[in-house]
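In what follows, a single structure is set out as structure tokens and then discussed.
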Amino acid sequence: MKNTGTEKRLFKTRYLTIFIGMLLFLPPFAVLPQTAGEVNLCGAACPRMFFILSPAGVLAGLGNNMQAMWFGASLVGLILLTTFFWGRLWCSHFCPIGGTTELVSHAIPERLKTGFSFIHAPAFRYCYLLVFVAGALIGIGSIACKLCNFRVIPFLAGSPFVPSYRTYLLSSVGLAGIATVSLTGFFARGGRAYCNLLCPVGALDSIVNYLGGKIGFTRKVRTDLAKCSGCGSCINECMVWALERTRNGKIKRDQASCMSCRECIKACPREAIRYGRR
Ligand code: SF4
Ligand code: SF4
């Protein structure tokens, strides 16, 4: 099935939609978080901490957290729903955090960047998700919060306007957060290592993308091995190292890791990768 006109337009305008996401979610405007009374993506707008296990009990803790972080919880619900039917469009086309690290990384010379493809991303991602979800029970929950790119990027974006953000970023915790985001974002090949390895929302999203991909009518990035010549042109385009060449010379794509950015579709000379129904 060929891509529709709307899909082709969405594909072409990926950086534009990321920029719109930055305007909507990041300081100084932070239009959407302000509907929850926040000026960044913490507090009621936090999309991550509501699903950690609470000493108060699983359901009671989840209920309390969802109430306190209603904006973040609603956003994640919406993200997972769209991912199930249309792939990880939030991550690739809208996320102001992963989008920022990806855009900044494009401006940094390749020789200064680190590649993380030696890490088996799914294994690392789900182990980290387990630690993140259970972290509060074993007393290390706040570490993930302090190194969170959903905290560091909004603080960086708002720092020219808000003196307290500058103070925070220059503290030891702030500098540790900047170092984490720099290494796994700005100075990572593709700019998305944090997204691929350390983002708990991305980890949930990848599971939903995988499950949705099993259903024929959902729209996903899909591979047609009969057309693949094994040229490998697509592999280097993938910012989350979801593509690899198998022993039979064909390409293998990890649906869970795939962020639906569709850069590989652009690179493939044989139309062996496409976006659409099965
Ligand atoms: S497999 Fe293709 S669509 Fe998926 S993240 Fe990699 S380059 Fe983007
Ligand atoms: S670019 Fe296309 S033909 Fe070449 S390896 Fe990738 S999927 Fe196969």
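Chains: A, B, ... in order of the structure tokens. Residues: from 1 per chain. Ligands: from 1, in order shown.
Residues of protein or nucleic acid lying within 8 Å of ligand 2, counting only C-alpha atoms and all ligand atoms, are Thr223, Asp224, Leu225, Lys227, Cys228, Ser229, Gly230, Cys231, Gly232, Ser233, Cys234, Ile235, Arg245, Lys250, Ile251, Cys264, Ile265, Ala267, Cys268, Pro269, Arg270, Glu271, Ala272 and Ile273 of chain A.
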Store the residues picked out above, limited to C-alpha atoms, as a PDB file, in the first residue's frame.
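File selection17.pdb, as written:
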```pdb
ATOM      1  CA  THR A 223       9.377  -3.924   5.877  1.00  0.00           C
ATOM      2  CA  ASP A 224       8.975  -5.905   2.661  1.00  0.00           C
ATOM      3  CA  LEU A 225      11.876  -8.342   2.652  1.00  0.00           C
ATOM      4  CA  LYS A 227      12.126  -6.106  -2.149  1.00  0.00           C
ATOM      5  CA  CYS A 228      15.183  -5.673   0.106  1.00  0.00           C
ATOM      6  CA  SER A 229      18.550  -6.064  -1.639  1.00  0.00           C
ATOM      7  CA  GLY A 230      20.509  -5.781   1.606  1.00  0.00           C
ATOM      8  CA  CYS A 231      22.328  -2.643   0.411  1.00  0.00           C
ATOM      9  CA  GLY A 232      22.298  -1.227   3.962  1.00  0.00           C
ATOM     10  CA  SER A 233      21.493   2.370   2.949  1.00  0.00           C
ATOM     11  CA  CYS A 234      18.806   2.511   5.605  1.00  0.00           C
ATOM     12  CA  ILE A 235      20.929   1.388   8.556  1.00  0.00           C
ATOM     13  CA  ARG A 245      21.534  -6.659   8.398  1.00  0.00           C
ATOM     14  CA  LYS A 250      18.290  -8.815   4.341  1.00  0.00           C
ATOM     15  CA  ILE A 251      17.330  -6.100   6.758  1.00  0.00           C
ATOM     16  CA  CYS A 264      14.832   4.829   6.408  1.00  0.00           C
ATOM     17  CA  ILE A 265      11.940   4.991   3.931  1.00  0.00           C
ATOM     18  CA  ALA A 267      16.907   6.251   2.175  1.00  0.00           C
ATOM     19  CA  CYS A 268      15.715   2.967   0.672  1.00  0.00           C
ATOM     20  CA  PRO A 269      16.188   2.865  -3.118  1.00  0.00           C
ATOM     21  CA  ARG A 270      13.871  -0.144  -3.537  1.00  0.00           C
ATOM     22  CA  GLU A 271      10.819   0.928  -1.525  1.00  0.00           C
ATOM     23  CA  ALA A 272      11.399  -2.065   0.731  1.00  0.00           C
ATOM     24  CA  ILE A 273      10.311  -0.057   3.778  1.00  0.00           C
TER      25      ILE A 273
END
```
List as a PyMOL selection string the protein and nucleic acid residues near Ala107 in chain A, meaning an atom at most 12 Å away when only C-alpha atoms are counted, but skip any in the same chain fewer than 2 places from it.
chain A and resi 100-105+109-113+186-191
Per residue of chain A within 12 Å of ligand 1, what are the shortest atom pair and its distance in Å to one decimal, counting only C-alpha atoms and all ligand atoms, with rows by chain and residue number, as CSV?
```
residue,atom,partner,partner_atom_place_in_ligand_line,distance
A:Phe11,CA,ligand 1,3 (S),10.2
A:Arg14,CA,ligand 1,8 (Fe),11.4
A:Gly87,CA,ligand 1,3 (S),9.4
A:Arg88,CA,ligand 1,4 (Fe),8.9
A:Leu89,CA,ligand 1,3 (S),10.0
A:Cys91,CA,ligand 1,5 (S),9.6
A:Ser92,CA,ligand 1,5 (S),7.8
A:His93,CA,ligand 1,8 (Fe),10.7
A:Gly190,CA,ligand 1,7 (S),10.0
A:Gly191,CA,ligand 1,5 (S),11.9
A:Arg192,CA,ligand 1,5 (S),9.8
A:Ala193,CA,ligand 1,5 (S),11.7
A:Cys195,CA,ligand 1,5 (S),11.1
A:Asn196,CA,ligand 1,5 (S),9.8
A:Ser206,CA,ligand 1,5 (S),11.0
A:Asn209,CA,ligand 1,4 (Fe),11.0
A:Tyr210,CA,ligand 1,4 (Fe),11.9
A:Lys220,CA,ligand 1,3 (S),8.8
A:Val221,CA,ligand 1,3 (S),6.0
A:Arg222,CA,ligand 1,3 (S),8.7
A:Thr223,CA,ligand 1,1 (S),9.2
A:Gly232,CA,ligand 1,7 (S),11.8
A:Ser233,CA,ligand 1,7 (S),10.5
A:Cys234,CA,ligand 1,7 (S),6.9
A:Ile235,CA,ligand 1,7 (S),7.4
A:Asn236,CA,ligand 1,7 (S),8.1
A:Glu237,CA,ligand 1,7 (S),5.4
A:Cys238,CA,ligand 1,7 (S),3.6
A:Met239,CA,ligand 1,6 (Fe),5.9
A:Val240,CA,ligand 1,5 (S),5.7
A:Trp241,CA,ligand 1,6 (Fe),6.4
A:Ala242,CA,ligand 1,1 (S),5.1
A:Leu243,CA,ligand 1,1 (S),5.6
A:Glu244,CA,ligand 1,1 (S),9.4
A:Ile251,CA,ligand 1,1 (S),10.1
A:Lys252,CA,ligand 1,1 (S),9.1
A:Arg253,CA,ligand 1,1 (S),5.9
A:Asp254,CA,ligand 1,1 (S),7.1
A:Gln255,CA,ligand 1,4 (Fe),7.4
A:Ala256,CA,ligand 1,4 (Fe),9.0
A:Ser257,CA,ligand 1,5 (S),6.9
A:Cys258,CA,ligand 1,4 (Fe),3.6
A:Met259,CA,ligand 1,5 (S),4.1
A:Ser260,CA,ligand 1,3 (S),4.0
A:Cys261,CA,ligand 1,8 (Fe),3.9
A:Arg262,CA,ligand 1,3 (S),3.6
A:Glu263,CA,ligand 1,7 (S),4.5
A:Cys264,CA,ligand 1,7 (S),4.2
A:Ile265,CA,ligand 1,2 (Fe),6.5
A:Lys266,CA,ligand 1,7 (S),8.8
A:Ala267,CA,ligand 1,7 (S),8.7
A:Cys268,CA,ligand 1,2 (Fe),9.8
A:Ala272,CA,ligand 1,2 (Fe),11.2
A:Ile273,CA,ligand 1,2 (Fe),7.9
A:Arg274,CA,ligand 1,3 (S),8.7
A:Tyr275,CA,ligand 1,3 (S),8.3
A:Gly276,CA,ligand 1,3 (S),11.7
```
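Distance-wise, CA of Leu198 in chain A and CA of Val131 in chain A end up 10.6 Å apart.
Residues in contact with Ser172 in chain A at up to 12 Å, not including ones fewer than 6 positions away on its chain and judged by only C-alpha atoms, are Lys146, Leu147, Ile178 and Ala179 of chain A.
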Could you write out the selected residues, including C-alpha atoms, as a PDB file, in the first residue's frame?
```pdb
ATOM      1  CA  LYS A 146      17.108  14.428  38.993  1.00  0.00           C
ATOM      2  CA  LEU A 147      18.639  13.131  35.754  1.00  0.00           C
ATOM      3  CA  ILE A 178      23.137  18.419  31.833  1.00  0.00           C
ATOM      4  CA  ALA A 179      25.987  15.882  31.545  1.00  0.00           C
TER       5      ALA A 179
END
```
What lies within 8 Å of Arg125 in chain A using only C-alpha atoms, ignoring chain neighbours under 2 positions off, as a JSON list (two decimals) with N, CA and C atoms, in the first residue's frame?
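Result file is around_13.json:
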```json
[["chain", "number", "residue", "atom", "x", "y", "z"],
["A", 121, "ALA", "N", 19.60, -2.27, 22.85],
["A", 121, "ALA", "CA", 18.65, -1.27, 23.36],
["A", 121, "ALA", "C", 17.43, -1.87, 24.08],
["A", 122, "PRO", "N", 16.75, -2.89, 23.50],
["A", 122, "PRO", "CA", 15.56, -3.40, 24.20],
["A", 122, "PRO", "C", 15.89, -3.92, 25.60],
["A", 123, "ALA", "N", 16.97, -4.69, 25.73],
["A", 123, "ALA", "CA", 17.31, -5.25, 27.05],
["A", 123, "ALA", "C", 17.58, -4.13, 28.05],
["A", 127, "CYS", "N", 15.10, -3.15, 31.33],
["A", 127, "CYS", "CA", 15.72, -3.27, 32.67],
["A", 127, "CYS", "C", 15.61, -1.92, 33.37],
["A", 128, "TYR", "N", 15.92, -0.84, 32.64],
["A", 128, "TYR", "CA", 15.86, 0.48, 33.25],
["A", 128, "TYR", "C", 14.40, 0.82, 33.64],
["A", 129, "LEU", "N", 13.46, 0.42, 32.79],
["A", 129, "LEU", "CA", 12.04, 0.68, 33.12],
["A", 129, "LEU", "C", 11.67, 0.00, 34.44],
["A", 196, "ASN", "N", 16.02, 6.20, 23.52],
["A", 196, "ASN", "CA", 16.02, 4.76, 23.21],
["A", 196, "ASN", "C", 16.36, 3.90, 24.42],
["A", 197, "LEU", "N", 17.11, 4.47, 25.38],
["A", 197, "LEU", "CA", 17.58, 3.66, 26.50],
["A", 197, "LEU", "C", 16.97, 4.03, 27.84],
["A", 198, "LEU", "N", 16.72, 5.32, 28.05],
["A", 198, "LEU", "CA", 16.43, 5.78, 29.41],
["A", 198, "LEU", "C", 15.06, 6.41, 29.60],
["A", 199, "CYS", "N", 14.29, 6.57, 28.53],
["A", 199, "CYS", "CA", 12.99, 7.24, 28.70],
["A", 199, "CYS", "C", 11.92, 6.20, 29.08],
["A", 200, "PRO", "N", 11.34, 6.30, 30.28],
["A", 200, "PRO", "CA", 10.32, 5.33, 30.68],
["A", 200, "PRO", "C", 9.05, 5.42, 29.83],
["A", 203, "ALA", "N", 9.81, 3.64, 26.71],
["A", 203, "ALA", "CA", 9.80, 2.18, 26.91],
["A", 203, "ALA", "C", 8.36, 1.65, 26.85]]
```
Just the alpha helix (DSSP H) stuff from range 116-214 of chain A, please, per backbone DSSP, written as JSON, numbers by chain.
{"A": [121, 122, 123, 124, 125, 126, 127, 128, 129, 130, 131, 132, 133, 134, 141, 142, 143, 144, 145, 146, 149, 150, 151, 152, 153, 154, 155, 156, 157, 158, 163, 164, 165, 166, 167, 168, 169, 172, 173, 174, 175, 176, 177, 178, 179, 180, 181, 193, 194, 195, 196, 197, 200, 201, 202, 203, 204, 205, 206, 207, 208, 209, 210, 211, 212, 213]}
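The two atoms in question, CA of Cys95 in chain A and CA of Tyr15 in chain A, are spaced 10.7 Å apart.
Note that the spacing between CA of Thr17 in chain A and CA of Phe94 in chain A amounts to 5.7 Å.
In terms of minimum interatomic distance to Thr184 in chain A, A:Cys148 ranks closest within A:Ile140, A:Leu23, A:Cys148, A:Leu32, counting only C-alpha atoms.
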Find the spatial neighbours of Gly158 in chain A, counting only C-alpha atoms, within a cut-off of 10 Å - ignore same-chain residues fewer than 3 positions away - and output them as a PyMOL selection string.
chain A and resi 26-30+39-40+152-155+161-166
Long-range neighbours of Pro55 in chain A as a list in words, 8 Å cut-off, only C-alpha atoms, 3 positions minimum in chain:
Val58, Gly61, Ala136 and Leu137 of chain A
I'd like to know which residues of range 99-245 of chain A are strand (DSSP E) (by DSSP, run on the backbone); could you write them as a VMD selection string?
chain A and resid 220 to 223 243 to 245
Proximity check range 149-266 of chain A to range 75-81 of chain A, 8 Å, nearest pairs one decimal Å, only C-alpha atoms, as a Markdown table:
```
| residue | atom | partner | partner_atom | distance |
| --- | --- | --- | --- | --- |
| A:Val201 | CA | A:Val76 | CA | 7.3 |
| A:Leu204 | CA | A:Leu80 | CA | 7.8 |
| A:Asp205 | CA | A:Leu80 | CA | 5.8 |
| A:Val208 | CA | A:Leu80 | CA | 6.6 |
```
